[in-house]
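final-v2.txt (compact mmCIF, C-alpha atoms)
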# COMPACT_ATOMS: atom_id res chain seq x y z
CA MET A 286 -18.15 -19.01 -1.49
CA LYS A 287 -17.63 -22.77 -1.73
CA THR A 288 -17.29 -24.56 -5.04
CA TYR A 289 -18.33 -28.15 -5.42
CA TYR A 290 -16.90 -30.38 -8.06
CA LEU A 291 -18.93 -33.25 -9.50
CA VAL A 292 -16.69 -36.11 -10.46
CA GLY A 293 -18.23 -38.62 -12.82
CA MET A 294 -17.39 -42.29 -12.36
CA CYS A 295 -16.49 -44.25 -15.43
CA ALA A 296 -15.73 -47.93 -16.06
CA LEU A 297 -12.31 -48.83 -17.38
CA PHE A 298 -12.12 -51.73 -19.86
CA VAL A 299 -8.61 -53.12 -20.33
CA LEU A 300 -8.07 -54.56 -23.79
CA ALA A 301 -4.93 -56.11 -25.06
CA SER A 302 -5.13 -54.16 -28.30
CA CYS A 303 -5.65 -50.55 -27.04
CA LYS A 304 -4.87 -48.05 -24.30
CA THR A 305 -6.75 -44.90 -23.26
CA GLU A 306 -4.56 -41.78 -23.11
CA PRO A 307 -5.24 -39.56 -20.07
CA LYS A 308 -6.61 -36.11 -20.83
CA GLN A 309 -4.34 -33.22 -20.11
CA ALA A 310 -5.71 -30.65 -17.70
CA GLU A 311 -6.66 -27.44 -19.44
CA GLU A 312 -4.79 -24.37 -18.29
CA GLN A 313 -7.04 -21.78 -16.74
CA PRO A 314 -6.37 -18.17 -17.73
CA GLU A 315 -5.19 -15.92 -14.92
CA PRO A 316 -7.89 -13.55 -13.68
CA GLU A 317 -7.59 -9.97 -14.86
CA LYS A 318 -5.89 -7.71 -12.36
CA THR A 319 -7.92 -5.10 -10.54
CA VAL A 320 -6.88 -1.45 -10.67
CA PRO A 321 -5.56 -1.54 -7.06
CA GLU A 322 -3.46 -4.57 -8.00
CA MET A 323 -2.06 -2.77 -11.07
CA VAL A 324 -1.15 0.28 -8.98
CA ALA A 325 0.53 -1.88 -6.34
CA ASP A 326 2.50 -3.86 -8.94
CA ALA A 327 3.62 -0.68 -10.71
CA HIS A 328 5.31 0.31 -7.43
CA GLY A 329 7.03 -3.09 -7.05
CA TYR A 330 4.63 -4.95 -4.77
CA GLN A 331 5.64 -8.24 -6.41
CA ASN A 332 9.10 -7.71 -4.86
CA TRP A 333 7.86 -6.99 -1.34
CA LYS A 334 8.10 -10.69 -0.44
CA ASN A 335 11.90 -10.35 -0.66
CA VAL A 336 12.17 -7.42 1.77
CA GLU A 337 13.96 -8.29 5.01
CA GLU A 338 14.23 -4.78 6.43
CA ILE A 339 13.18 -1.26 5.51
CA THR A 340 14.27 1.88 7.31
CA PHE A 341 13.06 5.43 6.83
CA THR A 342 12.72 8.77 8.58
CA PHE A 343 9.39 10.58 8.28
CA ASN A 344 10.00 14.35 8.23
CA VAL A 345 7.65 17.32 8.42
CA ASP A 346 8.84 20.94 8.19
CA ARG A 347 6.30 23.59 9.13
CA ASP A 348 7.52 27.19 9.08
CA SER A 349 10.61 27.11 11.34
CA MET A 350 9.62 23.88 13.11
CA HIS A 351 10.93 20.41 12.23
CA PHE A 352 9.47 17.08 13.28
CA GLU A 353 10.78 13.61 12.52
CA ARG A 354 10.28 9.97 13.43
CA HIS A 355 12.71 7.21 12.49
CA TRP A 356 11.51 3.66 11.83
CA ASP A 357 13.31 0.36 11.30
CA TRP A 358 10.88 -2.34 10.22
CA LYS A 359 11.60 -6.06 9.79
CA PRO A 360 8.35 -7.26 8.20
CA LYS A 361 9.18 -10.99 8.25
CA LEU A 362 9.77 -10.79 12.01
CA ASN A 363 6.96 -8.28 12.63
CA GLU A 364 9.52 -6.23 14.55
CA ILE A 365 9.62 -2.43 14.60
CA THR A 366 12.10 -0.01 16.16
CA PHE A 367 11.03 3.60 16.73
CA LYS A 368 13.32 6.55 17.44
CA SER A 369 12.46 10.22 17.91
CA GLY A 370 14.85 12.49 19.77
CA ALA A 371 15.78 10.73 23.02
CA ASP A 372 12.82 8.35 22.78
CA SER A 373 13.17 4.85 21.39
CA LEU A 374 11.18 1.64 21.48
CA THR A 375 11.44 -1.80 19.89
CA TYR A 376 8.28 -3.89 19.80
CA ASN A 377 6.64 -6.78 18.00
CA LYS A 378 3.27 -6.17 16.40
CA ALA A 379 2.08 -9.61 17.50
CA ASN A 380 2.43 -8.64 21.17
CA MET A 381 1.84 -4.93 21.85
CA ASP A 382 1.20 -3.27 25.19
CA SER A 383 -0.52 0.12 25.53
CA VAL A 384 2.72 2.04 24.89
CA ALA A 385 3.53 0.01 21.78
CA TYR A 386 -0.03 0.35 20.52
CA LYS A 387 0.14 4.14 20.79
CA THR A 388 3.55 4.19 19.11
CA ASN A 389 2.28 1.89 16.39
CA SER A 390 -0.42 4.40 15.41
CA GLY A 391 2.42 6.73 14.39
CA PHE A 392 4.07 3.91 12.46
CA ILE A 393 0.83 3.13 10.61
CA ASN A 394 0.51 6.81 9.63
CA ASP A 395 4.11 7.23 8.48
CA ARG A 396 4.20 3.88 6.71
CA TYR A 397 1.00 4.71 4.87
CA TRP A 398 2.48 7.93 3.54
CA LEU A 399 5.44 5.94 2.20
CA LEU A 400 3.84 2.65 1.16
CA ALA A 401 0.22 3.48 0.33
CA PRO A 402 0.37 1.51 -2.97
CA PHE A 403 1.18 -1.65 -1.00
CA ASN A 404 -1.58 -0.97 1.49
CA LEU A 405 -3.93 -1.38 -1.46
CA MET A 406 -3.05 -5.08 -1.18
CA TRP A 407 -2.61 -5.37 2.58
CA ASP A 408 -5.97 -3.70 3.22
CA ALA A 409 -7.83 -5.23 0.28
CA ASP A 410 -10.54 -6.72 2.52
CA SER A 411 -11.06 -3.46 4.40
CA TYR A 412 -12.19 -1.05 1.67
CA THR A 413 -14.35 -0.64 -1.42
CA PHE A 414 -13.03 1.06 -4.54
CA GLU A 415 -14.09 2.88 -7.70
CA HIS A 416 -12.05 3.70 -10.80
CA ALA A 417 -12.48 6.61 -13.21
CA ALA A 418 -10.63 6.50 -16.53
CA GLU A 419 -10.49 10.30 -16.64
CA ALA A 420 -10.47 12.80 -13.79
CA THR A 421 -8.89 16.17 -13.03
CA SER A 422 -6.05 15.93 -10.53
CA PRO A 423 -6.31 18.26 -7.53
CA ILE A 424 -2.95 20.05 -7.82
CA SER A 425 -1.69 20.08 -11.41
CA ASN A 426 -5.23 19.98 -12.87
CA GLU A 427 -4.04 17.38 -15.35
CA THR A 428 -6.32 14.70 -16.73
CA MET A 429 -5.39 11.41 -15.10
CA GLN A 430 -6.93 8.15 -14.00
CA LYS A 431 -8.43 8.17 -10.53
CA LEU A 432 -8.75 5.34 -8.01
CA THR A 433 -10.93 6.03 -4.97
CA ILE A 434 -10.88 3.73 -1.95
CA VAL A 435 -13.20 4.06 1.05
CA TYR A 436 -12.37 2.18 4.22
CA LYS A 437 -15.06 0.34 6.11
CA ASN A 438 -16.58 1.97 9.17
CA GLU A 439 -15.21 -0.50 11.67
CA GLY A 440 -11.70 -1.47 12.74
CA GLY A 441 -8.35 0.09 11.98
CA TYR A 442 -7.01 3.47 13.07
CA THR A 443 -9.07 5.64 10.70
CA PRO A 444 -12.34 3.87 9.85
CA GLY A 445 -14.50 5.39 7.12
CA ASP A 446 -11.73 7.49 5.57
CA ALA A 447 -11.33 7.87 1.80
CA TYR A 448 -8.32 8.30 -0.49
CA ASP A 449 -8.19 9.38 -4.13
CA PHE A 450 -5.11 8.26 -6.10
CA TYR A 451 -4.26 9.99 -9.40
CA PHE A 452 -1.98 8.33 -11.97
CA LYS A 453 -1.33 7.97 -15.68
CA ASP A 454 -1.17 4.84 -17.83
CA ASP A 455 1.93 3.59 -16.01
CA HIS A 456 -0.11 3.44 -12.75
CA ILE A 457 2.57 5.37 -10.86
CA ILE A 458 0.92 7.71 -8.36
CA ARG A 459 1.42 11.41 -9.12
CA GLU A 460 -1.03 12.98 -6.67
CA TRP A 461 -3.47 11.93 -3.98
CA THR A 462 -6.21 13.31 -1.77
CA TYR A 463 -7.19 12.26 1.73
CA ARG A 464 -10.83 12.80 2.74
CA LYS A 465 -11.61 12.27 6.41
CA SER A 466 -14.75 10.19 7.01
CA ASN A 467 -15.36 10.18 3.23
CA GLN A 468 -16.42 13.81 3.24
CA PRO A 469 -16.73 15.40 -0.23
CA GLU A 470 -14.09 18.08 0.42
CA PRO A 471 -10.39 17.16 0.57
CA SER A 472 -8.80 17.12 4.00
CA LEU A 473 -5.44 17.41 2.25
CA SER A 474 -3.93 16.87 -1.19
CA SER A 475 -0.30 16.35 -2.13
CA THR A 476 1.96 15.38 -4.98
CA TRP A 477 4.08 12.22 -5.06
CA GLU A 478 7.56 13.17 -6.24
CA ASP A 479 11.25 12.20 -6.32
CA TYR A 480 10.81 8.48 -6.86
CA SER A 481 13.67 6.19 -5.89
CA THR A 482 14.11 2.50 -6.80
CA MET A 483 15.32 0.28 -3.93
CA GLY A 484 15.09 -3.48 -3.72
CA GLY A 485 12.71 -3.48 -6.67
CA LEU A 486 10.36 -1.01 -4.95
CA GLN A 487 9.35 2.33 -6.47
CA LEU A 488 9.16 4.78 -3.54
CA ALA A 489 8.22 8.47 -3.72
CA THR A 490 10.33 10.37 -1.20
CA LYS A 491 8.59 13.77 -1.32
CA ARG A 492 5.03 15.07 -0.86
CA ASN A 493 4.39 18.65 -1.95
CA ARG A 494 1.34 20.50 -0.62
CA PRO A 495 1.08 23.84 -2.43
CA ASP A 496 -1.83 24.97 -0.23
CA SER A 497 0.14 24.40 2.99
CA ASN A 498 3.27 25.74 4.66
CA ALA A 499 4.21 22.16 5.61
CA ASN A 500 6.71 20.03 3.70
CA LEU A 501 6.63 16.23 4.10
CA TYR A 502 9.53 14.06 2.94
CA PHE A 503 11.51 10.91 3.69
CA THR A 504 15.21 10.58 4.44
CA GLY A 505 17.46 7.72 5.52
CA LEU A 506 15.53 5.39 3.24
CA SER A 507 17.02 1.94 2.73
CA VAL A 508 15.66 -1.47 1.73
CA LYS A 509 17.38 -4.76 2.55
CA VAL A 510 16.30 -7.78 0.52
CA GLU A 511 17.06 -11.49 0.67

Could you render the structure as structure tokens?
Amino acid sequence: MKTYYLVGMCALFVLASCKTEPKQAEEQPEPEKTVPEMVADAHGYQNWKNVEEITFTFNVDRDSMHFERHWDWKPKLNEITFKSGADSLTYNKANMDSVAYKTNSGFINDRYWLLAPFNLMWDADSYTFEHAAEATSPISNETMQKLTIVYKNEGGYTPGDAYDFYFKDDHIIREWTYRKSNQPEPSLSSTWEDYSTMGGLQLATKRNRPDSNANLYFTGLSVKVE
């Protein structure tokens, strides 16, 4: 939306006996933050601009099986290094071939699990949201606030998907639900636990899913700042 300013023209009379003092510009109040912005800031989004490098290993244990992917991300350079077993790849998101694009889908998934509060800002133009002051959380059955975001039906890796974030007055996420294609029933729900503060970021390193035999957690987490 464009805003047009109408500037009035006025005549200036110079008199030896008086001077006209210029008017001071009135300070405009800052707009009130949205709920997604408050959740992002509670997790340190205001400090993300200082992050030079973030490394983490995405782990999933299911019964006796273990799966992991290691990521080294330099956001200012748009450079990502992937390692899993004997496989490794370094690529730049500004210039991806088919192999990098496929690898990057794993990065988007793993990064979202770790940094979902920041994606509320990065993806702000790609979803709609609703906020409920009181809702029952899916795991602990506690009364919390609930933020629901629904992604648009075009673009991205998972168009049309929905996420429900549950948090208290501090806006720190305690639980969340993923709903594929915005279906009413949860596709999965998990806790957000074991928060660690690094480089001014509040990062939950564990996701507990009581209804599943899978454990999801992060190791090798480090944040390098300017």

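Distance annotation: of A:Met350, A:Leu400, A:Ala417, A:Val435, the residue with the minimal separation from Thr490 of chain A is A:Leu400; atom set is all atoms listed in the file.
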
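Closest approach to Leu488 of chain A among A:Glu419, A:Gly329, A:Tyr386, A:Ser349 is made by A:Gly329 (distances from all atoms listed in the file).
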
Of A:Ala447, A:Met381, A:Leu486, A:Ile458, the one nearest to Lys431 of chain A when counting all atoms listed in the file is A:Ile458

Pick the closest to Lys491 of chain A from A:Leu473, A:Val336, A:Leu399, A:Ala327: which is it, counting only C-alpha atoms?
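Nearest to Lys491 of chain A: A:Leu399.
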
Nearest residue to Thr476 of chain A out of A:Tyr502, A:Trp407, A:Phe343, A:Trp461, using all atoms listed in the file?
A:Trp461

Each side padded by 3 Å, which centre and which edge lengths in Å (one decimal) define the axis-aligned box around the listed atoms of segment 441-450 of chain A? Give them as lines of an AutoDock Vina configuration file.
center_x = -9.8
center_y = 4.7
center_z = 3.5
size_x = 15.4
size_y = 15.3
size_z = 25.2

(16.0, 3.1, 12.3) in this file's frame - what residues fall within 7 Å of it? Use all atoms listed in the file and give the answer as a PyMOL selection string.
chain A and resi 340-341+355-357+366-368

Excluding Asn380 of chain A and any residue of its chain fewer than 2 positions from it, enumerate the residues within 12 Å of it, using only C-alpha atoms, and give them as a PyMOL selection string.
chain A and resi 362-365+375-378+382-386+389

Pick from A:Pro423, A:His416, A:Asp395, A:Pro360 nearest to Ala379 of chain A, counting all atoms listed in the file:
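Among A:Pro423, A:His416, A:Asp395, A:Pro360, it is A:Pro360 that comes nearest to Ala379 of chain A.
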
What is the atom CA of Arg492 of chain A to atom CA of Glu478 of chain A distance in Å?
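Calculated distance between atom CA of Arg492 of chain A and atom CA of Glu478 of chain A is 6.2 Å.
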
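You will find atom CA of Asn467 of chain A at 8.6 Å from atom CA of Tyr436 of chain A.
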
What is the atom CA of Asp496 of chain A-atom CA of Phe414 of chain A distance in Å, reported with one decimal?
26.8 Å
